[in-house]
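Trainee: Starting off with a structure, shown below.
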Amino acid sequence: MLLEDILQHNHAFVENKDYEGYVTNSVPDKHAVILTCMDTRLTELLPKAMNFKNGDVKILKTAGAIIKNPYGSVMRSILVAVHALQADEVYVVGHHDCGMSSLNADHFIEHMKVHGIDEEKINNLPVDAHDWFEGFDHVEDSVKSSVDLIENHPLLPDDVPVHGLVIDPKTGKLDIVINGYQ
């Protein structure tokens with residue numbers, strides 16, 4: 001079982017003091033927060049492609065680097081990074097070949113039903129399930145939408161630049177969608 005493997009590895013990790021190579025503090029050294037996708041291809045690639053190491057930035061991950069709720073936990077985390085942890089820039093980094101691109105909400109909901117989720121539960125969500133699970137056609141548009149929501153939040157200071165980028169998950173090449181300095 002995976003949990004047992006994790007705990008066994010962790011015991012050796014702590015015993016051997018392997019954590020010492022990762023010691024840092026809670027304030028990001030490069031004073032930035034990144035919202036990116038939870039895609040596993042980006043776990044090590046994105047920080048390397050952006051020249052970040054452990055402790056440099058706060059990294060938040062969502063499906064598709066999407067933020068839709070201005071008062072949800074993702075926006076709250078961005079605001080905490082800015083107001084309490086000295087982040088003075090925000091980066092939204094989407095990626096090509098994203099699983100959220102063209103995600104069909106109807107198919108996704110049907111998949112949930114196959115896995116035992118009752119249709120009544122889906123229909124009684126406090127949000128519209130189709131809107132909530134719908135993907136996007138163009139990653140650049142999705143990045144622009146997330147940047148717009150963050151940039152126009154009433155609790156984000158006007159002097160905090162919000163950048164939008166798209167990364168190639170094969171090469172790490174970054175393309176600018178929105179330069180928050182301009």
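Residue numbers start at 1 in each chain; chains themselves are named A, B, ... in the order of the structure tokens; ligands are numbered from 1 in the order shown.
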With only C-alpha atoms counted and 12 Å as the cut-off, give the residues of stretch 33-144 of chain A in contact with stretch 1-23 of chain A, each with its shortest interatomic distance in Å and the pair that gives it, as JSON lines.
Mentor:
```
{"residue": "A:Lys53", "atom": "CA", "partner": "A:Tyr22", "partner_atom": "CA", "distance": 9.5}
{"residue": "A:Asn54", "atom": "CA", "partner": "A:Tyr22", "partner_atom": "CA", "distance": 6.6}
{"residue": "A:Gly55", "atom": "CA", "partner": "A:Tyr22", "partner_atom": "CA", "distance": 8.1}
{"residue": "A:Asp56", "atom": "CA", "partner": "A:Tyr22", "partner_atom": "CA", "distance": 11.4}
```
Trainee: Restricting it to N, CA and C atoms, dump the selection as an mmCIF file, in the first residue's frame.
Mentor:
```cif
data_model
loop_
_atom_site.group_PDB
_atom_site.id
_atom_site.type_symbol
_atom_site.label_atom_id
_atom_site.label_comp_id
_atom_site.auth_asym_id
_atom_site.auth_seq_id
_atom_site.Cartn_x
_atom_site.Cartn_y
_atom_site.Cartn_z
ATOM 1 N N LYS A 53 14.061 27.672 -6.607
ATOM 2 C CA LYS A 53 14.423 26.520 -5.785
ATOM 3 C C LYS A 53 13.550 26.515 -4.535
ATOM 4 N N ASN A 54 13.674 25.493 -3.726
ATOM 5 C CA ASN A 54 12.899 25.394 -2.496
ATOM 6 C C ASN A 54 13.067 26.669 -1.669
ATOM 7 N N GLY A 55 11.945 27.247 -1.262
ATOM 8 C CA GLY A 55 11.970 28.452 -0.433
ATOM 9 C C GLY A 55 11.877 29.752 -1.196
ATOM 10 N N ASP A 56 11.975 29.709 -2.533
ATOM 11 C CA ASP A 56 11.953 30.940 -3.324
ATOM 12 C C ASP A 56 10.559 31.534 -3.480
#
```
Trainee: DSSP on the backbone: what in chain A comes out alpha helix (DSSP H), as a PyMOL selection string?
Mentor: chain A and resi 2-15+42-49+73-83+105-114+119-123+129-133+139-151
Trainee: Return the single residue from A:His153, A:Lys173, A:Arg76, A:His130 that is closest to A:Met50, with distances computed using only C-alpha atoms.
Mentor: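 Closest to A:Met50 of all the choices is A:Lys173.
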Trainee: Quick one: pull the distance between atom CA of A:Cys98 and atom CA of A:Leu35, Å, one decimal.
Mentor: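 Between these atoms lies a distance of 14.5 Å.
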Trainee: For A:Lys30, work out the shell of residues within 10 Å, counting only C-alpha atoms and skipping chain neighbours fewer than 5 positions away, then give it as an MDAnalysis selection string.
Mentor: chainID A and resid 52:53 55:58 86:89
Trainee: Now that the selection is made, can you save its residues with C-alpha atoms as an mmCIF file, in the first residue's frame?
Mentor:
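Saved the output as out-v5.cif:
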```cif
data_model
loop_
_atom_site.group_PDB
_atom_site.id
_atom_site.type_symbol
_atom_site.label_atom_id
_atom_site.label_comp_id
_atom_site.auth_asym_id
_atom_site.auth_seq_id
_atom_site.Cartn_x
_atom_site.Cartn_y
_atom_site.Cartn_z
ATOM 1 C CA PHE A 52 13.143 28.790 -8.516
ATOM 2 C CA LYS A 53 14.423 26.520 -5.785
ATOM 3 C CA GLY A 55 11.970 28.452 -0.433
ATOM 4 C CA ASP A 56 11.953 30.940 -3.324
ATOM 5 C CA VAL A 57 8.183 31.137 -3.992
ATOM 6 C CA LYS A 58 4.803 29.994 -2.763
ATOM 7 C CA GLN A 86 5.718 39.300 1.713
ATOM 8 C CA ALA A 87 4.892 38.083 -1.794
ATOM 9 C CA ASP A 88 4.828 41.149 -4.009
ATOM 10 C CA GLU A 89 4.170 39.491 -7.373
#
```
Trainee: I'd like the neighbourhood of A:Ser142 as a VMD selection string, where a residue qualifies if any of its atoms comes within 12 Å (using only C-alpha atoms), though same-chain residues fewer than 3 positions away should be ignored.
Mentor: chain A and resid 36 to 37 63 to 68 92 to 96 98 100 to 102 134 to 139 145 to 149 164 to 166 177 to 178
Trainee: Can I get the selection written as a short mmCIF file (atom, residue, chain, number, x, y, z; two decimals), in the first residue's frame, with N, CA, C and O atoms?
Mentor:
```cif
data_model
loop_
_atom_site.label_atom_id
_atom_site.label_comp_id
_atom_site.auth_asym_id
_atom_site.auth_seq_id
_atom_site.Cartn_x
_atom_site.Cartn_y
_atom_site.Cartn_z
N THR A 36 -0.49 27.55 -10.42
CA THR A 36 -0.24 26.72 -11.59
C THR A 36 -1.13 25.49 -11.54
O THR A 36 -1.95 25.33 -10.64
N CYS A 37 -0.95 24.64 -12.51
CA CYS A 37 -1.76 23.43 -12.64
C CYS A 37 -1.16 22.31 -11.78
O CYS A 37 0.04 22.26 -11.53
N ALA A 63 -6.57 22.37 -10.65
CA ALA A 63 -6.79 21.77 -11.96
C ALA A 63 -6.83 22.89 -12.99
O ALA A 63 -7.68 23.78 -12.92
N GLY A 64 -5.86 22.91 -13.90
CA GLY A 64 -5.83 23.90 -14.97
C GLY A 64 -5.33 25.28 -14.59
O GLY A 64 -5.42 26.20 -15.39
N ALA A 65 -4.82 25.46 -13.39
CA ALA A 65 -4.42 26.79 -12.90
C ALA A 65 -5.61 27.74 -12.95
O ALA A 65 -5.47 28.93 -13.20
N ILE A 66 -6.79 27.18 -12.71
CA ILE A 66 -8.03 27.94 -12.81
C ILE A 66 -8.45 28.43 -11.43
O ILE A 66 -8.41 27.68 -10.46
N ILE A 67 -8.84 29.68 -11.38
CA ILE A 67 -9.47 30.24 -10.19
C ILE A 67 -10.77 30.88 -10.64
O ILE A 67 -10.77 31.72 -11.55
N LYS A 68 -11.88 30.42 -10.08
CA LYS A 68 -13.19 30.94 -10.48
C LYS A 68 -13.90 31.67 -9.36
O LYS A 68 -14.74 32.51 -9.61
N VAL A 92 0.38 33.49 -12.75
CA VAL A 92 -0.54 32.42 -13.12
C VAL A 92 0.13 31.71 -14.29
O VAL A 92 0.42 32.32 -15.32
N VAL A 93 0.41 30.41 -14.11
CA VAL A 93 1.12 29.65 -15.14
C VAL A 93 0.29 28.45 -15.56
O VAL A 93 0.20 27.46 -14.83
N GLY A 94 -0.33 28.58 -16.72
CA GLY A 94 -1.03 27.44 -17.33
C GLY A 94 -0.05 26.65 -18.17
O GLY A 94 1.13 26.99 -18.26
N HIS A 95 -0.54 25.60 -18.82
CA HIS A 95 0.37 24.83 -19.67
C HIS A 95 -0.37 24.24 -20.86
O HIS A 95 -1.58 24.01 -20.83
N HIS A 96 0.39 24.02 -21.92
CA HIS A 96 -0.14 23.36 -23.11
C HIS A 96 -0.45 21.91 -22.77
O HIS A 96 0.12 21.35 -21.83
N CYS A 98 -3.08 20.56 -21.47
CA CYS A 98 -3.66 20.47 -20.13
C CYS A 98 -4.91 19.58 -20.17
O CYS A 98 -5.71 19.66 -21.10
N MET A 100 -7.47 19.94 -18.48
CA MET A 100 -8.68 20.77 -18.36
C MET A 100 -9.08 21.39 -19.69
O MET A 100 -10.18 21.91 -19.82
N SER A 101 -8.18 21.34 -20.68
CA SER A 101 -8.56 21.89 -21.97
C SER A 101 -9.60 20.97 -22.60
O SER A 101 -9.43 19.75 -22.66
N SER A 102 -10.68 21.57 -22.97
CA SER A 102 -11.80 20.85 -23.59
C SER A 102 -12.41 19.78 -22.69
O SER A 102 -13.02 18.83 -23.18
N GLU A 134 -16.59 22.57 -16.18
CA GLU A 134 -16.30 22.80 -17.59
C GLU A 134 -14.85 23.23 -17.77
O GLU A 134 -14.33 24.05 -17.02
N GLY A 135 -14.20 22.66 -18.77
CA GLY A 135 -12.81 23.01 -19.06
C GLY A 135 -12.73 24.27 -19.91
O GLY A 135 -13.62 25.10 -19.91
N PHE A 136 -11.65 24.39 -20.66
CA PHE A 136 -11.45 25.55 -21.51
C PHE A 136 -10.94 25.10 -22.87
O PHE A 136 -10.41 24.00 -23.01
N ASP A 137 -11.13 25.95 -23.86
CA ASP A 137 -10.68 25.62 -25.22
C ASP A 137 -9.25 26.08 -25.47
O ASP A 137 -8.49 25.41 -26.15
N HIS A 138 -8.90 27.24 -24.92
CA HIS A 138 -7.57 27.82 -25.18
C HIS A 138 -6.93 28.18 -23.84
O HIS A 138 -7.49 28.98 -23.08
N VAL A 139 -5.75 27.64 -23.58
CA VAL A 139 -5.08 27.87 -22.30
C VAL A 139 -4.80 29.34 -22.07
O VAL A 139 -4.89 29.83 -20.95
N SER A 145 -8.29 34.79 -17.85
CA SER A 145 -9.43 34.83 -16.94
C SER A 145 -8.98 34.77 -15.49
O SER A 145 -9.47 35.53 -14.64
N SER A 146 -8.03 33.90 -15.18
CA SER A 146 -7.53 33.80 -13.80
C SER A 146 -6.78 35.06 -13.40
O SER A 146 -6.94 35.56 -12.28
N VAL A 147 -5.97 35.59 -14.30
CA VAL A 147 -5.24 36.84 -14.02
C VAL A 147 -6.23 37.96 -13.76
O VAL A 147 -6.08 38.73 -12.80
N ASP A 148 -7.27 38.06 -14.57
CA ASP A 148 -8.27 39.12 -14.43
C ASP A 148 -8.95 39.04 -13.07
O ASP A 148 -9.13 40.06 -12.39
N LEU A 149 -9.34 37.84 -12.65
CA LEU A 149 -10.00 37.68 -11.35
C LEU A 149 -9.08 38.12 -10.22
O LEU A 149 -9.49 38.85 -9.31
N GLY A 164 0.71 36.52 -16.39
CA GLY A 164 0.14 35.29 -16.94
C GLY A 164 1.10 34.67 -17.92
O GLY A 164 1.59 35.34 -18.82
N LEU A 165 1.41 33.39 -17.72
CA LEU A 165 2.33 32.68 -18.60
C LEU A 165 1.76 31.31 -18.96
O LEU A 165 0.90 30.79 -18.25
N VAL A 166 2.30 30.74 -20.03
CA VAL A 166 1.98 29.37 -20.41
C VAL A 166 3.30 28.64 -20.60
O VAL A 166 4.21 29.15 -21.25
N VAL A 177 1.67 35.62 -21.59
CA VAL A 177 0.30 35.95 -21.99
C VAL A 177 -0.01 37.36 -21.52
O VAL A 177 -0.55 38.16 -22.27
N ILE A 178 0.34 37.64 -20.26
CA ILE A 178 0.15 38.98 -19.69
C ILE A 178 1.38 39.34 -18.88
O ILE A 178 1.79 38.61 -17.98
#
```
Trainee: Please identify all polymer residues within 12 Å of A:Ala129, counting only C-alpha atoms, omitting same-chain residues fewer than 4 positions from it, and present them as number ranges by chain.
Mentor: A: 104-110, 112, 119-125, 133-135
Trainee: Restrict the selected residues to C-alpha atoms and save them as a PDB file, in the first residue's frame.
Mentor:
```pdb
ATOM      1  CA  ASN A 104     -16.546  18.201 -21.111  1.00  0.00           C
ATOM      2  CA  ALA A 105     -18.603  18.717 -17.962  1.00  0.00           C
ATOM      3  CA  ASP A 106     -21.355  16.337 -19.123  1.00  0.00           C
ATOM      4  CA  HIS A 107     -18.895  13.501 -19.670  1.00  0.00           C
ATOM      5  CA  PHE A 108     -17.169  14.270 -16.375  1.00  0.00           C
ATOM      6  CA  ILE A 109     -20.458  14.209 -14.476  1.00  0.00           C
ATOM      7  CA  GLU A 110     -21.395  10.904 -16.127  1.00  0.00           C
ATOM      8  CA  MET A 112     -18.851  10.614 -11.445  1.00  0.00           C
ATOM      9  CA  GLU A 119     -27.265  12.574  -9.449  1.00  0.00           C
ATOM     10  CA  GLU A 120     -29.269  14.246  -6.686  1.00  0.00           C
ATOM     11  CA  LYS A 121     -26.023  15.212  -4.938  1.00  0.00           C
ATOM     12  CA  ILE A 122     -24.695  16.696  -8.174  1.00  0.00           C
ATOM     13  CA  ASN A 123     -27.911  18.642  -8.769  1.00  0.00           C
ATOM     14  CA  ASN A 124     -27.967  19.981  -5.194  1.00  0.00           C
ATOM     15  CA  LEU A 125     -24.492  21.508  -5.183  1.00  0.00           C
ATOM     16  CA  PHE A 133     -16.403  21.321 -14.091  1.00  0.00           C
ATOM     17  CA  GLU A 134     -16.297  22.805 -17.593  1.00  0.00           C
ATOM     18  CA  GLY A 135     -12.812  23.009 -19.063  1.00  0.00           C
TER      19      GLY A 135
END
```
Trainee: For a quick check of understanding, using only C-alpha atoms, which of A:His111, A:Ala81, A:Asp141, A:Ile150 has the smallest distance to A:Val27?
Mentor: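 Once distances to A:Val27 are computed over only C-alpha atoms, the minimum belongs to A:Ala81.
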Trainee: By how many Å are atom CA of A:Ile167 and atom CA of A:Val90 apart?
Mentor: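 Between atom CA of A:Ile167 and atom CA of A:Val90 the gap is 15.7 Å.
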Trainee: Considering only strand (DSSP E or B) as DSSP defines it on the backbone, what residues of stretch 49-173 of chain A qualify? List them as a VMD selection string.
Mentor: chain A and resid 57 to 62 89 to 95 101 136 162 to 167
Trainee: Any idea what's packed within 10 Å of A:Pro157, counting only C-alpha atoms, ignoring anything in its chain fewer than 4 positions away? Could you give it as a ChimeraX atom specification?
Mentor: /A:79,82-83,88,151-153,161
Trainee: What separation in Å, quoted to one decimal, exists between atom CA of A:Asp158 and atom CA of A:Pro47?
Mentor: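 Those two atoms sit 26.3 Å apart.
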